[in-house]
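Note: the block below is run.cif and it holds mmCIF, C-alpha atoms.
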```cif
data_upload
#
loop_
_atom_site.label_atom_id
_atom_site.label_comp_id
_atom_site.auth_asym_id
_atom_site.auth_seq_id
_atom_site.Cartn_x
_atom_site.Cartn_y
_atom_site.Cartn_z
CA MET Z 1 31.20 -28.23 -41.71
CA SER Z 2 34.06 -29.54 -43.87
CA GLU Z 3 32.22 -28.59 -47.05
CA ALA Z 4 31.88 -25.01 -45.91
CA HIS Z 5 35.61 -24.95 -45.14
CA SER Z 6 36.73 -26.23 -48.53
CA ALA Z 7 34.33 -23.87 -50.32
CA HIS Z 8 35.87 -21.00 -48.40
CA LEU Z 9 39.41 -22.11 -49.26
CA GLU Z 10 38.71 -22.25 -52.97
CA GLU Z 11 38.21 -18.50 -52.97
CA ILE Z 12 41.99 -18.07 -52.61
CA PRO Z 13 43.63 -19.24 -55.82
CA PRO Z 14 46.45 -21.77 -55.44
CA PRO Z 15 49.42 -21.94 -55.43
CA TYR Z 16 49.78 -19.91 -52.23
CA THR Z 17 52.92 -17.94 -51.60
CA GLY Z 18 54.28 -15.97 -48.67
CA PRO Z 19 51.94 -15.06 -45.81
CA GLU Z 20 48.97 -16.41 -47.76
CA SER Z 21 50.42 -19.91 -47.77
CA PHE Z 22 50.86 -19.73 -43.99
CA VAL Z 23 47.24 -18.73 -43.56
CA ALA Z 24 46.08 -21.38 -45.99
CA ASP Z 25 47.95 -24.13 -44.15
CA TRP Z 26 46.73 -23.16 -40.72
CA SER Z 27 43.16 -22.56 -41.79
CA SER Z 28 42.92 -25.80 -43.73
CA ASP Z 29 40.89 -28.73 -42.49
CA GLN Z 30 43.84 -30.19 -40.62
CA THR Z 31 44.11 -31.06 -36.99
CA ALA Z 32 47.41 -30.85 -35.17
CA PHE Z 33 46.32 -33.19 -32.37
CA LYS Z 34 44.71 -36.08 -34.20
CA ASN Z 35 42.15 -38.21 -32.35
CA VAL Z 36 42.27 -35.90 -29.32
CA PRO Z 37 38.89 -34.28 -28.49
CA TRP Z 38 39.16 -30.50 -28.88
CA GLY Z 39 37.84 -29.86 -25.38
CA LYS Z 40 40.76 -31.81 -23.98
CA VAL Z 41 43.28 -29.92 -26.11
CA MET Z 42 41.81 -26.62 -24.93
CA MET Z 43 42.04 -27.71 -21.30
CA TRP Z 44 45.68 -28.72 -21.80
CA ILE Z 45 46.47 -25.35 -23.38
CA PHE Z 46 44.81 -23.60 -20.44
CA LEU Z 47 46.83 -25.74 -18.04
CA VAL Z 48 50.08 -24.83 -19.82
CA SER Z 49 49.20 -21.14 -19.37
CA ASP Z 50 48.34 -21.78 -15.72
CA THR Z 51 51.71 -23.52 -15.33
CA PHE Z 52 53.33 -20.26 -16.38
CA ILE Z 53 51.27 -18.26 -13.88
CA PHE Z 54 52.19 -20.47 -10.92
CA SER Z 55 55.80 -20.70 -12.11
CA ALA Z 56 55.98 -16.91 -12.23
CA PHE Z 57 54.76 -16.84 -8.60
CA LEU Z 58 57.19 -19.49 -7.43
CA ILE Z 59 60.13 -17.93 -9.29
CA SER Z 60 59.39 -14.47 -7.88
CA TYR Z 61 59.19 -16.13 -4.44
CA MET Z 62 62.66 -17.57 -5.09
CA THR Z 63 64.00 -14.16 -6.14
CA VAL Z 64 62.48 -12.45 -3.11
CA ARG Z 65 63.80 -15.10 -0.73
CA ILE Z 66 67.32 -14.90 -2.16
CA SER Z 67 67.34 -11.12 -1.80
CA ALA Z 68 65.80 -11.01 1.70
CA VAL Z 69 68.24 -9.62 4.28
CA ASP Z 70 66.22 -10.60 7.39
CA PRO Z 71 66.15 -14.32 8.26
CA TRP Z 72 63.36 -16.27 6.53
CA PRO Z 73 60.90 -17.82 9.03
CA ASN Z 74 61.22 -21.59 9.39
CA PRO Z 75 58.01 -23.02 7.88
CA SER Z 76 58.51 -26.20 9.85
CA GLU Z 77 57.93 -24.24 13.08
CA VAL Z 78 55.46 -21.69 11.73
CA PHE Z 79 53.08 -24.42 10.57
CA ALA Z 80 53.54 -26.72 13.57
CA LEU Z 81 50.48 -27.71 15.57
CA THR Z 82 50.18 -28.98 19.11
CA LEU Z 83 48.26 -32.24 19.06
CA PHE Z 84 47.74 -34.38 22.17
CA GLY Z 85 50.16 -32.17 24.09
CA LYS Z 86 52.93 -32.72 21.52
CA LYS Z 87 54.24 -30.16 19.04
CA ILE Z 88 54.34 -31.78 15.61
CA PRO Z 89 56.07 -29.85 12.79
CA LEU Z 90 54.15 -29.10 9.60
CA VAL Z 91 51.42 -31.58 10.50
CA LEU Z 92 48.45 -29.66 9.04
CA ILE Z 93 50.26 -29.23 5.72
CA ALA Z 94 51.05 -32.95 5.64
CA ILE Z 95 47.38 -33.82 6.22
CA MET Z 96 46.34 -31.34 3.49
CA THR Z 97 48.83 -33.00 1.11
CA PHE Z 98 47.44 -36.47 1.77
CA ILE Z 99 43.87 -35.20 1.36
CA LEU Z 100 44.62 -33.59 -2.00
CA ILE Z 101 46.42 -36.70 -3.27
CA SER Z 102 43.48 -38.85 -2.19
CA SER Z 103 41.10 -36.55 -4.04
CA SER Z 104 43.26 -36.98 -7.15
CA GLY Z 105 43.01 -40.75 -6.74
CA THR Z 106 39.21 -40.68 -6.52
CA MET Z 107 39.09 -38.27 -9.49
CA ALA Z 108 41.21 -40.58 -11.67
CA MET Z 109 38.88 -43.47 -10.85
CA ALA Z 110 35.81 -41.33 -11.57
CA VAL Z 111 37.12 -40.71 -15.10
CA ASN Z 112 37.67 -44.43 -15.58
CA PHE Z 113 34.20 -45.40 -14.33
CA GLY Z 114 32.69 -42.62 -16.45
CA TYR Z 115 34.10 -44.13 -19.63
CA ARG Z 116 32.74 -47.49 -18.45
CA LYS Z 117 29.34 -45.74 -18.28
CA ASN Z 118 28.95 -46.64 -14.63
CA ARG Z 119 26.84 -43.67 -13.64
CA LYS Z 120 26.40 -44.42 -9.95
CA VAL Z 121 30.06 -45.06 -9.11
CA THR Z 122 31.20 -42.07 -11.19
CA PHE Z 123 28.78 -39.82 -9.31
CA ILE Z 124 29.87 -41.11 -5.88
CA LEU Z 125 33.57 -40.72 -6.74
CA LEU Z 126 33.03 -37.16 -8.02
CA ILE Z 127 31.18 -36.22 -4.82
CA VAL Z 128 33.94 -37.77 -2.67
CA THR Z 129 36.49 -35.75 -4.66
CA ALA Z 130 34.47 -32.56 -4.09
CA ILE Z 131 34.20 -33.25 -0.34
CA LEU Z 132 37.95 -33.86 -0.05
CA GLY Z 133 38.59 -30.65 -2.01
CA ALA Z 134 36.24 -28.66 0.20
CA SER Z 135 37.91 -30.01 3.36
CA PHE Z 136 41.27 -28.94 1.91
CA VAL Z 137 39.95 -25.39 1.48
CA GLY Z 138 38.55 -25.53 5.02
CA MET Z 139 41.94 -26.45 6.46
CA GLN Z 140 43.52 -23.67 4.45
CA ALA Z 141 41.02 -21.21 5.92
CA PHE Z 142 42.00 -22.48 9.40
CA GLU Z 143 45.69 -22.04 8.56
CA TRP Z 144 45.15 -18.51 7.24
CA SER Z 145 43.12 -17.40 10.25
CA LYS Z 146 45.72 -18.85 12.63
CA LEU Z 147 48.49 -16.96 10.85
CA ILE Z 148 46.53 -13.70 10.61
CA LEU Z 149 44.85 -13.63 14.02
CA GLU Z 150 47.32 -15.43 16.30
CA GLU Z 151 50.69 -14.84 14.68
CA GLY Z 152 49.97 -11.38 13.23
CA VAL Z 153 51.25 -12.15 9.73
CA ARG Z 154 50.22 -9.58 7.10
CA PRO Z 155 51.03 -9.22 3.41
CA TRP Z 156 53.28 -6.27 4.30
CA THR Z 157 54.76 -7.41 7.61
CA ASN Z 158 55.56 -10.43 9.67
CA PRO Z 159 56.80 -10.60 13.26
CA MET Z 160 58.83 -13.78 12.68
CA GLY Z 161 61.46 -12.45 10.28
CA ALA Z 162 61.55 -11.43 6.62
CA HIS Z 163 58.50 -9.31 5.75
CA GLN Z 164 58.34 -10.87 2.29
CA PHE Z 165 57.20 -14.13 3.88
CA GLY Z 166 53.68 -12.79 4.39
CA SER Z 167 53.14 -11.47 0.87
CA VAL Z 168 54.52 -14.63 -0.74
CA PHE Z 169 52.47 -16.88 1.52
CA PHE Z 170 49.13 -15.13 0.92
CA MET Z 171 49.76 -14.72 -2.81
CA ILE Z 172 50.73 -18.31 -3.59
CA THR Z 173 48.45 -20.25 -1.24
CA GLY Z 174 45.62 -17.81 -1.97
CA PHE Z 175 45.84 -18.39 -5.70
CA HIS Z 176 46.06 -22.14 -5.19
CA GLY Z 177 43.11 -22.11 -2.79
CA THR Z 178 41.07 -20.17 -5.35
CA HIS Z 179 41.85 -22.84 -7.91
CA VAL Z 180 40.73 -25.58 -5.51
CA SER Z 181 37.49 -23.70 -4.72
CA ILE Z 182 36.67 -23.23 -8.41
CA GLY Z 183 37.49 -26.91 -8.91
CA VAL Z 184 35.00 -27.93 -6.21
CA ILE Z 185 32.24 -25.92 -7.93
CA PHE Z 186 33.23 -27.41 -11.29
CA LEU Z 187 33.14 -30.91 -9.73
CA LEU Z 188 29.65 -30.40 -8.33
CA ILE Z 189 28.36 -29.24 -11.74
CA VAL Z 190 29.85 -32.27 -13.50
CA ALA Z 191 28.55 -34.57 -10.74
CA ALA Z 192 25.03 -33.18 -11.24
CA LYS Z 193 25.28 -33.84 -14.99
CA VAL Z 194 26.41 -37.41 -14.34
CA TYR Z 195 23.63 -37.96 -11.78
CA ARG Z 196 20.90 -36.71 -14.15
CA GLY Z 197 22.23 -38.91 -16.93
CA ASP Z 198 22.91 -35.93 -19.22
CA LEU Z 199 26.20 -37.44 -20.33
CA GLU Z 200 24.82 -40.91 -20.89
CA HIS Z 201 21.91 -39.67 -23.00
CA ASN Z 202 24.01 -37.08 -24.89
CA ARG Z 203 21.85 -34.18 -23.75
CA PRO Z 204 23.31 -30.77 -24.61
CA GLY Z 205 24.57 -28.59 -21.78
CA PHE Z 206 23.11 -25.37 -20.37
CA MET Z 207 25.02 -22.90 -22.56
CA THR Z 208 25.99 -25.09 -25.49
CA GLY Z 209 24.39 -27.10 -28.26
CA ARG Z 210 27.19 -29.63 -28.03
CA LYS Z 211 26.02 -33.05 -26.97
CA GLY Z 212 27.06 -34.17 -23.51
CA ASN Z 213 29.40 -37.13 -23.12
CA TYR Z 214 31.82 -38.58 -20.59
CA GLU Z 215 34.80 -36.72 -22.05
CA ILE Z 216 33.91 -33.77 -19.83
CA VAL Z 217 34.65 -35.90 -16.76
CA GLU Z 218 38.16 -36.46 -18.08
CA ILE Z 219 38.56 -32.74 -18.88
CA MET Z 220 37.40 -31.91 -15.34
CA GLY Z 221 39.90 -34.49 -14.11
CA LEU Z 222 42.77 -32.79 -15.93
CA TYR Z 223 42.00 -29.54 -14.11
CA TRP Z 224 41.73 -31.28 -10.75
CA HIS Z 225 44.99 -33.21 -11.14
CA PHE Z 226 46.68 -29.97 -12.15
CA VAL Z 227 45.59 -28.38 -8.87
CA ASP Z 228 47.14 -31.35 -7.07
CA LEU Z 229 50.28 -30.97 -9.20
CA VAL Z 230 50.67 -27.31 -8.25
CA TRP Z 231 50.35 -28.26 -4.59
CA VAL Z 232 53.25 -30.74 -5.00
CA PHE Z 233 55.46 -27.82 -6.05
CA ILE Z 234 54.15 -25.43 -3.37
CA PHE Z 235 54.64 -28.11 -0.71
CA ALA Z 236 58.25 -28.70 -1.84
CA PHE Z 237 59.36 -25.11 -2.38
CA PHE Z 238 57.38 -23.13 0.15
CA TYR Z 239 56.78 -25.49 3.07
CA LEU Z 240 59.77 -27.85 2.96
CA TRP Z 241 62.61 -25.71 1.57
CA MET P 1 28.74 -43.10 -28.04
CA GLU P 2 31.33 -45.84 -27.55
CA TYR P 3 34.53 -45.21 -25.62
CA PRO P 4 37.84 -47.08 -25.93
CA LYS P 5 38.52 -49.88 -23.48
CA GLN P 6 39.58 -48.59 -20.08
CA HIS P 7 42.67 -49.40 -18.05
CA PRO P 8 42.14 -51.55 -14.97
CA ILE P 9 41.41 -49.60 -11.76
CA GLY P 10 44.45 -51.25 -10.14
CA ILE P 11 46.78 -48.81 -11.95
CA TYR P 12 45.22 -45.85 -10.16
CA LEU P 13 45.35 -47.56 -6.78
CA LYS P 14 49.05 -48.36 -7.26
CA ILE P 15 49.88 -44.77 -8.30
CA TRP P 16 47.85 -43.52 -5.34
CA ALA P 17 49.86 -45.73 -2.96
CA LEU P 18 53.14 -44.58 -4.55
CA LEU P 19 52.13 -40.93 -4.15
CA PHE P 20 51.34 -41.55 -0.48
CA ILE P 21 54.74 -43.16 0.07
CA LEU P 22 56.56 -40.33 -1.74
CA SER P 23 54.63 -37.68 0.23
CA GLY P 24 55.51 -39.49 3.44
CA LEU P 25 59.16 -39.50 2.40
CA SER P 26 59.17 -35.76 1.61
CA TYR P 27 57.49 -35.06 4.95
CA SER P 28 60.13 -37.15 6.73
CA VAL P 29 62.85 -34.96 5.16
CA ASP P 30 61.48 -32.19 7.37
CA TYR P 31 60.64 -34.43 10.33
CA PHE P 32 64.19 -35.79 10.62
CA HIS P 33 65.74 -32.32 10.09
CA PHE P 34 67.93 -33.07 7.10
CA GLU P 35 69.82 -29.91 6.18
CA GLY P 36 71.72 -28.37 3.27
CA TYR P 37 72.24 -30.05 -0.06
CA LEU P 38 70.95 -33.42 1.20
CA ARG P 39 67.63 -31.78 2.13
CA TRP P 40 67.28 -29.79 -1.10
CA SER P 41 68.17 -32.68 -3.39
CA LEU P 42 65.79 -35.07 -1.59
CA ILE P 43 62.96 -32.51 -1.76
CA ILE P 44 63.47 -32.03 -5.51
CA ILE P 45 63.77 -35.78 -6.23
CA PHE P 46 60.54 -36.63 -4.38
CA MET P 47 58.78 -33.60 -5.93
CA MET P 48 59.74 -34.55 -9.49
CA LEU P 49 58.75 -38.19 -8.94
CA LYS P 50 55.33 -37.16 -7.60
CA ALA P 51 54.77 -34.63 -10.40
CA GLY P 52 55.82 -37.22 -12.98
CA LEU P 53 53.43 -39.86 -11.65
CA ILE P 54 50.50 -37.43 -11.56
CA VAL P 55 51.09 -36.14 -15.10
CA ALA P 56 51.92 -39.53 -16.60
CA PHE P 57 49.16 -41.69 -15.14
CA PHE P 58 46.46 -39.55 -13.49
CA MET P 59 46.48 -37.09 -16.41
CA HIS P 60 46.92 -39.97 -18.91
CA MET P 61 49.98 -38.38 -20.54
CA VAL P 62 51.69 -41.74 -21.25
CA TRP P 63 48.72 -42.73 -23.40
CA GLU P 64 48.48 -39.44 -25.35
CA ARG P 65 49.75 -38.71 -28.85
CA VAL P 66 53.33 -37.48 -29.12
CA ALA P 67 52.18 -34.17 -30.72
CA LEU P 68 50.20 -33.33 -27.56
CA ILE P 69 52.96 -34.48 -25.19
CA TYR P 70 55.47 -32.15 -26.87
CA ALA P 71 53.01 -29.25 -26.99
CA VAL P 72 52.47 -29.51 -23.24
CA LEU P 73 55.89 -30.47 -21.89
CA VAL P 74 58.30 -28.49 -24.08
CA PRO P 75 57.10 -24.85 -23.53
CA PRO P 76 57.60 -24.99 -19.71
CA LEU P 77 61.31 -25.61 -20.34
CA LEU P 78 61.49 -21.86 -21.13
CA LEU P 79 60.96 -21.32 -17.41
CA LEU P 80 64.57 -22.38 -16.80
CA THR P 81 65.58 -19.04 -18.35
CA LEU P 82 63.30 -17.19 -15.93
CA ILE P 83 64.79 -19.14 -13.01
CA GLY P 84 68.27 -18.11 -14.16
CA ILE P 85 67.28 -14.45 -14.41
CA GLY P 86 65.63 -14.66 -10.97
CA VAL P 87 68.76 -16.06 -9.34
CA LEU P 88 70.99 -13.36 -10.90
CA GLU P 89 68.57 -10.60 -9.90
CA GLY P 90 68.09 -11.97 -6.38
CA ASP P 91 71.82 -12.28 -5.73
CA TYR P 92 72.44 -8.76 -7.04
CA THR P 93 69.65 -7.25 -4.88
CA PHE P 94 71.00 -9.08 -1.82
CA PHE P 95 74.49 -7.75 -2.56
CA THR P 96 73.37 -4.13 -3.00
CA ARG P 97 71.15 -4.27 0.10
CA ASN P 98 74.11 -5.39 2.18
CA VAL P 99 76.41 -2.77 0.68
CA PHE P 100 74.04 0.20 1.09
CA PHE P 101 71.81 -0.77 4.03
CA GLY P 102 73.97 -3.28 5.90
CA SER P 103 75.37 -2.30 9.29
#
```

Structure encoded using structure tokens:
Amino acid sequence: MSEAHSAHLEEIPPPYTGPESFVADWSSDQTAFKNVPWGKVMMWIFLVSDTFIFSAFLISYMTVRISAVDPWPNPSEVFALTLFGKKIPLVLIAIMTFILISSSGTMAMAVNFGYRKNRKVTFILLIVTAILGASFVGMQAFEWSKLILEEGVRPWTNPMGAHQFGSVFFMITGFHGTHVSIGVIFLLIVAAKVYRGDLEHNRPGFMTGRKGNYEIVEIMGLYWHFVDLVWVFIFAFFYLW
Amino acid sequence: MEYPKQHPIGIYLKIWALLFILSGLSYSVDYFHFEGYLRWSLIIIFMMLKAGLIVAFFMHMVWERVALIYAVLVPPLLLLTLIGIGVLEGDYTFFTRNVFFGS
């Protein structure tokens, strides 16, 4: 690999000037992020781009809420549930928050046990994480159907006040829920690889010749923690504000 | 393939407990009906603390190389500009709506 690179570079005669020198520097055999596996760098770059997507949503929500003339519905009351004959504000959202944080905790431990090559515990922790994630999506489906069927909230209208509430709600929580769902699928795939011992025995994956190893559990973990991170911001700005 | 020595599991359990406490605190902001600047500042403080703990320990940022930390944490600072533009635009739209459609 490195031989091919240097052979290729020798075709351009040094010293390089102008745009050529820029190309030569960036195409040389240098790594910007030394000792960091490339898969991890790529996941981080994806997460930075995803940060911008969710930030764009949250900032447009801010703009829309500032400019709304009708009163904004109080999320504390909209998302209240009656449990044991008592109306508790925001209780479902609170439970969802604790579930997602717990799934992040089990995910972090799965990464740790993976690097310790403890196959069984890693597999169990990944499955627990996937179950917690799936239950989060389930509660979100319950919340959506309650809002759509009982309260009559639509992306274009909303009987409780500012119409923009509906569009913002479905857009932001919908995108987040999609991320969680994809994460659950991703978790199950990684869990299967751990269970079969693909990572331990460095077997290549389905669509790649690259040898399997426990770094992919950490890369999966980065994605999952990011989903939790986004929820922290949605919880603060959409549900509590 | 050999991996570097791992941190003790206790770290993750402690961060987990801290996140639970912080989430409980942000929920109580709503439960006890704090209003105005007290509410908003508490929400943001608890949010930033939670986000910081997740990124630093769960996503292993404190143990990463500085080059990667900068590459990930510096670009999102640009979003402050977008927030500023959003506030200006929102205030202006609110103003014009009241002037032209207000009763």

Give me, as JSON lines, each residue of chain Z that comes within 6 Å of chain P, together with its shortest interatomic pair and the distance in Å at one decimal, counting only C-alpha atoms, with rows ordered by chain and rising residue number.
```
{"residue": "Z:Thr63", "atom": "CA", "partner": "P:Gly90", "partner_atom": "CA", "distance": 4.6}
{"residue": "Z:Ile66", "atom": "CA", "partner": "P:Gly90", "partner_atom": "CA", "distance": 5.2}
{"residue": "Z:Ser67", "atom": "CA", "partner": "P:Phe94", "partner_atom": "CA", "distance": 4.2}
{"residue": "Z:Gly105", "atom": "CA", "partner": "P:Trp16", "partner_atom": "CA", "distance": 5.7}
{"residue": "Z:Ala108", "atom": "CA", "partner": "P:Phe58", "partner_atom": "CA", "distance": 5.7}
{"residue": "Z:Leu222", "atom": "CA", "partner": "P:Met59", "partner_atom": "CA", "distance": 5.7}
{"residue": "Z:Leu229", "atom": "CA", "partner": "P:Ala51", "partner_atom": "CA", "distance": 5.9}
```

Check your understanding: What residues come out when you apply the PyMOL selection byres ((chain Z and resi 161) around 7) to this file, written as number ranges by chain?
Key -> Z: 70-73, 158-160, 162-163

Review point. Which value, in Å to one decimal, gives the distance between CA of Met62 (chain Z) and CA of Gly183 (chain Z)?
Key: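 The value is 27.1 Å.
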
Revision key, fill the gap. CA of Ala110 (chain Z) sits from CA of Thr122 (chain Z) at a separation of 4.7 Å

**Study point:** One-decimal distance in Å that lies between CA of Pro75 (chain Z) and CA of Leu58 (chain Z)
**Key:**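 Value for the CA of Leu58 (chain Z)-CA of Pro75 (chain Z) distance: 15.7 Å.
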
Check your understanding: Taking all atoms listed in the file into account, which of Z:His225, Z:Ser181, Z:Phe54, Z:Trp241 comes nearest Ser41 (chain P)?
Key ->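 Checking each of Z:His225, Z:Ser181, Z:Phe54, Z:Trp241 against Ser41 (chain P), counting all atoms listed in the file, the winner is Z:Trp241.
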
Practice item. May I ask which of the residues Z:Ile216, Z:Gly205, Z:Leu132, Z:Phe57 is the closest one to Val41 (chain Z), counting all atoms listed in the file? Key: Z:Ile216

Edge lengths and centre in Å, axis-aligned, region 70-80 of chain P plus 5 Å each side, as AutoDock Vina command-line options:
```
--center_x 58.5 --center_y -26.7 --center_z -21.9 --size_x 22.1 --size_y 20.8 --size_z 20.2
```

Review point. Which one of Z:Pro155, Z:Val180, Z:Asn112, Z:Phe22 sits closest to Ser135 (chain Z) if you count only C-alpha atoms?
Key: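 Under the stated criterion, the closest residue is Z:Val180.
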
Practice item. Give as a list in words the set of residues within 9 Å of the point (43.2, -23.5, 2.3), where distances use the file's coordinates and all atoms listed in the file. Key: Met96, Ala134, Ser135, Phe136, Val137, Gly138, Met139, Gln140, Ala141, Phe142, Glu143, Trp144, Thr173, Gly174, His176, Gly177, Thr178 and Val180 of chain Z

Exercise for review: Could you tell me which residues the PyMOL selection byres ((chain Z and resi 113) around 10) returns for this structure, as a PyMOL selection string?
Suggested key: (chain Z and resi 107-112+114-123+125+214+217) or (chain P and resi 6+9)

Check your understanding: Using only C-alpha atoms, which residue out of Z:Phe206, Z:Tyr223, Z:Phe233, Z:Phe165 lies closest to Lys40 (chain Z)?
Key ->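 Of all the options, Z:Tyr223 lies closest to Lys40 (chain Z).
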
**Study point:** Chain and number of each residue from the PyMOL selection byres ((chain Z and resi 199) around 8), as a list of chain:residue names
**Key:**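 Those residues are Z:Lys193, Z:Val194, Z:Gly197, Z:Asp198, Z:Glu200, Z:His201, Z:Asn202, Z:Arg203, Z:Lys211, Z:Gly212, Z:Asn213, Z:Tyr214.
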